[in-house]
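Visitor: Before anything else, here's the structure in question.
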Number of protein chains: 2
Amino acid sequence: MSLTKLFHPSSVAVVGASRKKGQVGREVLTNLLESFEGDVFPVNPKADRLEGLKCYNSIREVPAGVDLAVIAVPAAIVPKILRECSDSGIKDVIVVSGGFKEIGEEGAKLEGEIAEISRKEEINLIGPNAIGVISTGSNLNASFAQEMALPGNISFMSQSGAFCTAVLDWANEVGMGFNHFVSLGNKAVLDEIDLIEEWNQDDNTDVILGYLEGIERGSRFIEVAREVTKDTPIVVVKSGKTEEGASAAASHTGTITGSEDAYDAAFSQSGVIRAENIEELFDFGSILAHQNPPKNKKVGILTNAGGPGVMAADALEGYGLELAELEEETLSKLEGVLSSLASRENPIDLTGKADEEDYREALGYMIEDDNVGAVLAMSAPAAIFSYPELTEILAEAREKTDKPIVGTLMGGQLEPEAQENLKNAGVPNYFDPARAVRSLSALVKYGEIQARKRAKPTSFSVARESVAEKIESARGSERKTLGLESMKILEDYGIPTTPARLARSAEEAEDIAGQLDSSVVLKVDSPGIIHKSDAGGVRVGVSQGEVGKEFREMKERLNRNRPEANIKGIRVQETVEGEEVIIGLKRDPQFGPLIMFGLGGVYVEVLEDVSFRVTPISAPEARNMIESINGYPILKGVRGNPGVDIESLIDIILRVSKLADDHPDIHELDLNPVIAGPEGARVADVRIGLSARG
Amino acid sequence: MSLTKLFHPSSVAVVGASRKKGQVGREVLTNLLESFEGDVFPVNPKADRLEGLKCYNSIREVPAGVDLAVIAVPAAIVPKILRECSDSGIKDVIVVSGGFKEIGEEGAKLEGEIAEISRKEEINLIGPNAIGVISTGSNLNASFAQEMALPGNISFMSQSGAFCTAVLDWANEVGMGFNHFVSLGNKAVLDEIDLIEEWNQDDNTDVILGYLEGIERGSRFIEVAREVTKDTPIVVVKSGKTEEGASAAASHTGTITGSEDAYDAAFSQSGVIRAENIEELFDFGSILAHQNPPKNKKVGILTNAGGPGVMAADALEGYGLELAELEEETLSKLEGVLSSLASRENPIDLTGKADEEDYREALGYMIEDDNVGAVLAMSAPAAIFSYPELTEILAEAREKTDKPIVGTLMGGQLEPEAQENLKNAGVPNYFDPARAVRSLSALVKYGEIQARKRAKPTSFSVARESVAEKIESARGSERKTLGLESMKILEDYGIPTTPARLARSAEEAEDIAGQLDSSVVLKVDSPGIIHKSDAGGVRVGVSQGEVGKEFREMKERLNRNRPEANIKGIRVQETVEGEEVIIGLKRDPQFGPLIMFGLGGVYVEVLEDVSFRVTPISAPEARNMIESINGYPILKGVRGNPGVDIESLIDIILRVSKLADDHPDIHELDLNPVIAGPEGARVADVRIGLSARG
């Protein structure tokens with residue numbers, strides 16, 4: 001699929017070009033005529049001429065060879081028009097008409113119809129219910145937006161039409177330009193993935209920005225975005241984050257998984273930078289459009305005002321950046337510039353006494369310093385030099401270096417000349433140092449994304465058939481949750497287990513222990529007892545002969561100490577020592593299998609300290625998943641504790657990822673706990689739930 | 001002390017009014033003459049006339065009755081001039097001259113001198129090294145800033161002069177006005193506390209904003225701000241947050257306490273709203289200057305564009321606000337407005353079909369809804385109505401209700417008429433819904449601060465003398481850390497204890513147990529063993545007769561299981577069950593005793609889940625301190641667990657607060673662990689460090 005004709009048509013037909021000004025179809029026609037240089041054909045059976053052009057009765061009558069049609073007719077006849085377009089060889093179409101999915105069931109049916117036609121006839125369709133498409137490279141404004149976009153190297157798409165018009169209005173005012181500007185509408189056919197693929201091939205798009213409300217083809221999105229973000233940064237605002245009233249579910253995984261976790265995981269894995277709000281979206285877009293990621297995340301701050309320099313330094317940590325430690329040589333050179341240097345340390349405060357030449361020289365030294373990855377150039381007004389002068393210095397510096405430079409020239413709006421200098425040099429400028437630092441952090445983040453290893457999923461030899469048989473057999477007996485075979489399924493996939501079985505009586509405990517070789521661990525199973533050991537609910541190293549006695553003593557002790565606790569029984573388990581972690585699986589409707597990792601117990605339940613990734617998970621992603629929980633130091637080892645075997649946890653995560661991908665029947669899975677020790681990790685308990693079958 | 005003459009002088013002398021334009025003293029003179037209506041007296045022995053005014057040789061020659069002097073002479077002669085001012089009866093002075101503390105030791109000495117003179121002569125001095133003071137109510141620009149401020153009801157102070165000039169430049173452009181605008185300079189005499197006290201009395205100041213780099217009189221700041229914030233909101237950006245390279249210290253409290261924690265605690269306790277950056281400072285200031293806190297934190301969102309409405313709803317949660325659930329009656333009325341209502345749910349999307357009247361009507365219904373505390377009024381451009389029209393509707397609505405209204409009229413800059421409407425109505429407006437929501441959250445926060453109980457510290461009867469004697473006795477033997485008497489000190493202050501003593505041998509364990517009445521708990525003491533019980537390092541309910549045997553078994557088991565762990569010994573303790581918490585004390589140079597609270601072990605060490613308050617702590621503050629840690633649900637009780645006696649923890653915190661205030665010799669204190677159970681909390685171990693004596 002190529003969308004060349006959508007963005008670079010040589011001729012455009014407007015079907016439903018209204019005689020009435022202000023009507024959507026007429027607005028599209030007017031906008032097209034404003035700047036588009038190719039042929040434009042209005043289609044309206046009720047008019048002879050429109051805007052000085054011959055009007056056609058139907059698309060069939062339009063001269064052959066039209067590349068793009070914009071359809072603005074009532075919803076009910078869109079399918080008919082679409083067929084006519086196809087018959088006339090037009091395979092690129094924008095439907096601006098509303099009256100589809102957004103109005104309910106009837107509209108959804110119509111929308112299904114046009115999607116079906118498009119698929120059959122291989123039509124690239126934007127919309128319906130879209131504002132349209134703007135492409136500055138071909139002077140194309142095939143939309144009913146009130147303005148044309150300025151040219152630029154950012155391509156933008158939005159699922160909200162109203163947001164499109166708001167952005168365009170604002171962008172034209174601040175001078176932000178776009179290569180392509182697309183209102184996605186209802187995404188009946190083309191969606192964000194198609195545009196990302198197309199724009200990645202486009203030499204004139206250096207950054208892709210998107211406002212998205214939902215992603216339907218989740219796995220494909222990740223697959224495509226993961227490749228594209230090697231070369232082209234993607235920044236997305238995803239709205240619809242909060243799920244008010246999400247109720248506490250039964251399983252650990254269920255409680256805190258929402259599809260929001262899946263979006264976060266998907267963006268993280270595919271290298272899409274998620275903007276938290278509109279300000280971030282365009283701040284990140286602007287800097288990524290003009291500057292390259294720095295070699296390191298150490299920032300040199302040059303200022304002529306102490307206080308603001310400190311504010312900037314403050315902001316670094318919060319955005320994951322660091323204050324660069326300047327080389328001794330740089331410091332000496334800087335001292336040569338100005339004897340009034342406020343301190344021999346980054347941030348370098350030249351004080352209000354510095355003139356233009358001092359700033360230029362100091363900036364040069366800072367840029368040359370190998371410890372400095374990026375420079376934040378700050379100034380207060382009323383300095384000895386003017387902002388037009390200072391911005392010239394910044395522009396010069398940009399020519400000499402690849403290191404990013406961001407400005408914090410504080411005060412009111414800059415003089416037009418200063419603005420022009422910054423724009424030409426691609427240097428963003430903010431009053432607020434924190435905002436400048438945040439923009440810089442997007443560059444750093446993108447650098448990390450580019451440098452990221454895009455590893456293939458690890459391949460394992462697993463007993464896939466054996467698992468399939470166990471699932472089938474459970475299906476046969478109409479069970480929704482697997483029982484004893486769950487542990488076997490894990491073993492089929494090479495996941496080490498160490499079953500902990502629940503004993504309800506001393507005799508049962510002795511039985512279970514008898515089947516194990518070693519001494520055992522007894523651990524109470526009671527939802528009300530959080531710190532089992534403090535309550536006397538844990539005994540380790542219990543020899544075979546002592547199991548019955550210890551069971552009875554523990555039961556008595558707990559009945560005495562915790563009369564209110566509901567004690568389900570006592571788990572008997574081979575002696576394995578280590579940290580309890582949880583690995584869970586839930587299926588997300590958009591993104592498929594979503595794997596959760598966290599430390600056990602209160603870490604998951606109270607602190608919600610968990611991380612999510614969607615399958616297939618690569619080894620580096622699994623590692624990153626483990627490292628990204630707050631409690632990671634506990635696993636890594638703190639205060640002389642040796643820590644656990646991280647590799648074995650990675651291995652389990654990867655095998656669970658494969659299990660989930662191989663067996664769509666597995667709907668939920670909860671490895672809880674997995675006992676991770678210095679020598680390896682083993683699953684002590686598992687619960688597998690099957691999906692309902694249509 | 002009254003600062004009336006500083007802000008509302010009837011006459012001003014400028015000492016050091018230079019003949020040379022652009023010099024600081026001359027700029028002050030020019031600025032004064034621009035708008036000030038009282039008498040202005042330039043003082044400069046080298047000039048006869050300046051700016052058309054007679055120039056005086058010295059301040060002594062100036063006619064009697066001058067209210068305010070601005071001093072702009074070289075640092076070295078400032079003390080002399082200051083004395084002359086005082087002799088002439090001038091008790092309000094602004095020193096704009098630099099060359100004091102900021103240049104090093106010599107300057108600091110000079111600064112000490114002027115502080116001394118001011119104290120002795122009762123001079124209210126702003127500076128030195130300040131830009132000056134602007135007070136719009138008296139048309140006073142006693143500064144060398146390039147512009148006069150616009151009038152307004154916000155008073156602003158800044159420790160950074162450069163930041164003052166930047167803010168003024170920007171504020172004049174966006175139309176933000178100030179009542180007083182003060183560059184604090186080096187704060188040799190008057191500081192932020194003096195201004196807060198003064199401005200609280202000032203009818204024309206409705207909000208106090210500050211940029212501060214440090215607060216020297218910490219306790220006094222809290223005392224004053226706590227009172228002022230009942231009536232006047234204070235918003236502060238405090239810079240110098242990050243302390244790069246703060247190394248891990250020995251004690252738990254030490255590790256994660258920094259004076260930054262003290263600032264956070266102080267702002268929280270005194271009701272000062274801390275802005276994270278400049279954007280927040282002025283966003284919060286603007287809304288607090290014009291609107292009252294809502295009755296609840298439920299927000300009604302009215303929009304004509306669906307996507308942006310969702311973005312706004314998204315932002316609510318992050319800022320602690322909620323989506324209002326509209327009353328059935330409101331929903332019915334709204335449905336009456338527009339049949340095209342996109343959904344019968346807040347956010348109310350009127351869709352692009354709504355006209356001016358529809359919006360007005362819908363807004364009215366939303367405001368009348370008792371469930372709605374505040375309204376976010378949103379619109380995309382290209383709607384049927386214009387922004388000047390919509391802003392009129394918002395202004396009308398503001399007249400009818402006390403409920404806050406914030407605008408999100410998206411697009412580029414608003415028409416001047418629309419801007420004027422919003423300004424007059426005190427409705428802030430932002431493109432980014434997230435920013436609008438953030439502003440609203442400041443109002444909600446201030447409402448909570450106003451509603452807060454300002455409780456007196458609880459009084460206890462304690463054995464103060466007995467503690468003093470113990471400290472003296474330790475001093476006598478030149479000890480810096482208290483030993484066994486530490487537990488006694490806690491008991492003197494009514495803090496319940498349950499000593500856990502370290503046994504290094506089975507015999508020692510038996511001895512310790514023998515001194516206790518009940519069965520005991522044995523617990524290993526080893527920094528390398530995080531989960532003591534999982535390692536077999538905990539035994540509860542050990543009867544007196546079994547202590548020796550259990551000690552030996554535990555030792556063996558641990559040597560086998562954890563050969564690498566450094567085992568200090570095994571603690572023997574009365575049987576007490578519960579959660580381990582830590583209560584610590586450290587002295588902050590600015591704010592005095594800083595109390596830390598957190599859950600024990602990894603919660604403090606790894607997750608840094610702790611809260612801080614400065615003394616004296618009131619009971620509501622202690623409760624808030626406990627509730628504000630992430631692990632609070634563990635204490636409150638989760639999953640059937642009864643939780644712990646929070647009141648007993650509050651009691652201990654209050655008593656520790658009193659202990660710290662009563663005995664400045666106690667430099668550090670670490671109650672670790674405190675065992676908190678359902679029936680009370682008891683301190684199991686304590687470490688008290690004494691401060692060095694000069």
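Residue names in the structure tokens use chain letters A, B, ... in the order shown, residue numbers from 1 in each chain, and ligand numbers from 1 in the order shown.
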If we count only C-alpha atoms, which residues of chain B reach to within 6 Å of chain A? Please list them as a VMD selection string.

Guide: chain B and resid 160 162 166 to 167 169 to 170 239 to 242 278 305 307 310 to 311 314 380 to 381 410 to 412 432 527 to 528 533 536 540 639 to 641

Visitor: Can you spit out the residues from that selection as a compact mmCIF listing (two decimals), in the first residue's frame, using N, CA and C atoms?

Guide:
```
# COMPACT_ATOMS: atom_id res chain seq x y z
N SER B 160 15.71 36.37 43.72
CA SER B 160 16.57 36.57 42.56
C SER B 160 16.13 37.84 41.84
N ALA B 162 17.31 38.99 38.94
CA ALA B 162 17.16 38.73 37.52
C ALA B 162 15.78 38.16 37.24
N ALA B 166 12.67 39.53 34.76
CA ALA B 166 12.06 38.64 33.77
C ALA B 166 10.55 38.54 33.98
N VAL B 167 10.16 38.43 35.23
CA VAL B 167 8.73 38.29 35.54
C VAL B 167 7.98 39.57 35.17
N ASP B 169 8.70 41.81 32.97
CA ASP B 169 8.64 41.92 31.52
C ASP B 169 7.48 41.07 30.98
N TRP B 170 7.45 39.84 31.46
CA TRP B 170 6.43 38.91 31.01
C TRP B 170 5.02 39.30 31.50
N SER B 239 13.75 27.21 45.17
CA SER B 239 14.77 26.60 44.30
C SER B 239 15.90 26.03 45.14
N GLY B 240 16.81 25.32 44.48
CA GLY B 240 17.90 24.68 45.21
C GLY B 240 17.45 23.38 45.83
N LYS B 241 16.59 22.67 45.12
CA LYS B 241 16.04 21.43 45.64
C LYS B 241 17.03 20.29 45.68
N THR B 242 17.69 20.09 44.54
CA THR B 242 18.51 18.89 44.42
C THR B 242 19.82 19.03 45.18
N ILE B 278 7.87 27.77 37.43
CA ILE B 278 7.39 29.15 37.29
C ILE B 278 5.98 29.18 36.73
N ALA B 305 -16.53 19.68 22.12
CA ALA B 305 -15.62 18.82 21.36
C ALA B 305 -15.26 17.64 22.24
N GLY B 307 -13.11 14.90 22.16
CA GLY B 307 -11.72 14.53 22.49
C GLY B 307 -11.14 15.38 23.60
N VAL B 310 -12.39 14.50 26.99
CA VAL B 310 -11.76 13.31 27.56
C VAL B 310 -10.39 13.65 28.14
N MET B 311 -9.63 14.49 27.41
CA MET B 311 -8.32 14.90 27.93
C MET B 311 -8.47 15.58 29.28
N ASP B 314 -9.25 13.03 31.92
CA ASP B 314 -8.00 12.32 32.21
C ASP B 314 -7.16 13.04 33.25
N ALA B 380 -13.72 24.27 21.23
CA ALA B 380 -12.78 24.28 20.11
C ALA B 380 -13.14 25.45 19.21
N PRO B 381 -12.18 25.95 18.44
CA PRO B 381 -12.52 27.05 17.54
C PRO B 381 -13.39 26.53 16.41
N MET B 410 -9.77 26.52 23.22
CA MET B 410 -8.56 26.10 22.53
C MET B 410 -8.34 26.84 21.22
N GLY B 411 -7.08 26.84 20.78
CA GLY B 411 -6.71 27.50 19.55
C GLY B 411 -5.60 28.49 19.81
N GLY B 412 -5.43 29.45 18.91
CA GLY B 412 -4.37 30.45 19.09
C GLY B 412 -4.82 31.49 20.10
N ASP B 432 -4.30 24.02 26.93
CA ASP B 432 -4.12 22.65 27.40
C ASP B 432 -5.07 22.35 28.56
N PRO B 527 22.36 -7.36 59.00
CA PRO B 527 22.00 -6.42 57.93
C PRO B 527 21.75 -7.14 56.60
N GLY B 528 22.34 -8.30 56.41
CA GLY B 528 22.20 -8.99 55.12
C GLY B 528 20.92 -9.80 54.98
N SER B 533 12.26 -13.87 58.57
CA SER B 533 11.49 -15.07 58.81
C SER B 533 11.69 -16.08 57.70
N GLY B 536 14.39 -18.17 58.24
CA GLY B 536 14.34 -18.95 59.49
C GLY B 536 14.93 -18.18 60.65
N VAL B 540 8.53 -17.02 67.21
CA VAL B 540 7.66 -16.31 68.15
C VAL B 540 7.12 -17.30 69.18
N ARG B 639 -7.15 -6.49 53.58
CA ARG B 639 -7.52 -7.89 53.36
C ARG B 639 -7.82 -8.62 54.66
N GLY B 640 -8.67 -8.05 55.48
CA GLY B 640 -9.08 -8.76 56.69
C GLY B 640 -8.14 -8.58 57.86
N ASN B 641 -6.98 -7.99 57.59
CA ASN B 641 -6.04 -7.73 58.68
C ASN B 641 -6.59 -6.55 59.50
```

Visitor: List the spatial neighbours of Asn346 in chain A as a PyMOL selection string - criterion: any atom at most 10 Å away, only C-alpha atoms, same-chain residues fewer than 5 positions off excluded.

Guide: chain A and resi 299-303+309-310+313+323-326+331+366

Visitor: With C-alpha atoms retained, export the selected residues as a PDB file, in the first residue's frame.

Guide:
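What ended up in part.pdb:
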```
ATOM      1  CA  VAL A 299      23.708  19.166  30.800  1.00  0.00           C
ATOM      2  CA  GLY A 300      25.849  22.277  30.887  1.00  0.00           C
ATOM      3  CA  ILE A 301      23.962  25.322  32.097  1.00  0.00           C
ATOM      4  CA  LEU A 302      25.159  28.761  31.067  1.00  0.00           C
ATOM      5  CA  THR A 303      23.399  31.731  32.620  1.00  0.00           C
ATOM      6  CA  GLY A 309      20.368  28.738  36.912  1.00  0.00           C
ATOM      7  CA  VAL A 310      19.555  27.002  40.172  1.00  0.00           C
ATOM      8  CA  ALA A 313      19.628  22.570  37.889  1.00  0.00           C
ATOM      9  CA  LEU A 323      24.357  18.327  35.799  1.00  0.00           C
ATOM     10  CA  ALA A 324      27.580  17.937  33.786  1.00  0.00           C
ATOM     11  CA  GLU A 325      30.787  18.089  35.745  1.00  0.00           C
ATOM     12  CA  LEU A 326      32.923  20.432  33.678  1.00  0.00           C
ATOM     13  CA  LEU A 331      36.668  25.839  34.076  1.00  0.00           C
ATOM     14  CA  MET A 366      31.021  24.724  27.296  1.00  0.00           C
TER      15      MET A 366
END
```

Visitor: Residues at most 10 Å from Met625 in chain B, counting only C-alpha atoms, excluding those fewer than 2 positions away in the same chain, as a ChimeraX atom specification?

Guide: /B:265,269,595-598,610-613,617,619-623,627-629,632,650,653

Visitor: Kindly indicate which residue among A:His663, A:Ala418, A:Val406, A:Gly25 lies nearest to Glu389 in chain A, using only C-alpha atoms for the distances.

Guide: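 Checking each candidate against Glu389 in chain A, we get A:Ala418 as the closest.
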
Visitor: Run DSSP on the backbone and grab whatever in range 398-436 of chain A lands in helix (DSSP H, G or I); send it over as a PyMOL selection string.

Guide: chain A and resi 398-400+416-425+433-436

Visitor: With only C-alpha atoms as the basis for distance, which of B:Leu29, B:Leu440, B:Ala354, B:Leu490 is at the shortest distance from Leu338 in chain B?

Guide: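 Among the listed residues, B:Ala354 lies closest to Leu338 in chain B.
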
Visitor: Using only C-alpha atoms, which of A:Leu654, A:Val683, A:Met157, A:Ala188 sits nearest Leu125 in chain A?

Guide: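 Going through A:Leu654, A:Val683, A:Met157, A:Ala188 one by one, the smallest distance to Leu125 in chain A is for A:Ala188.
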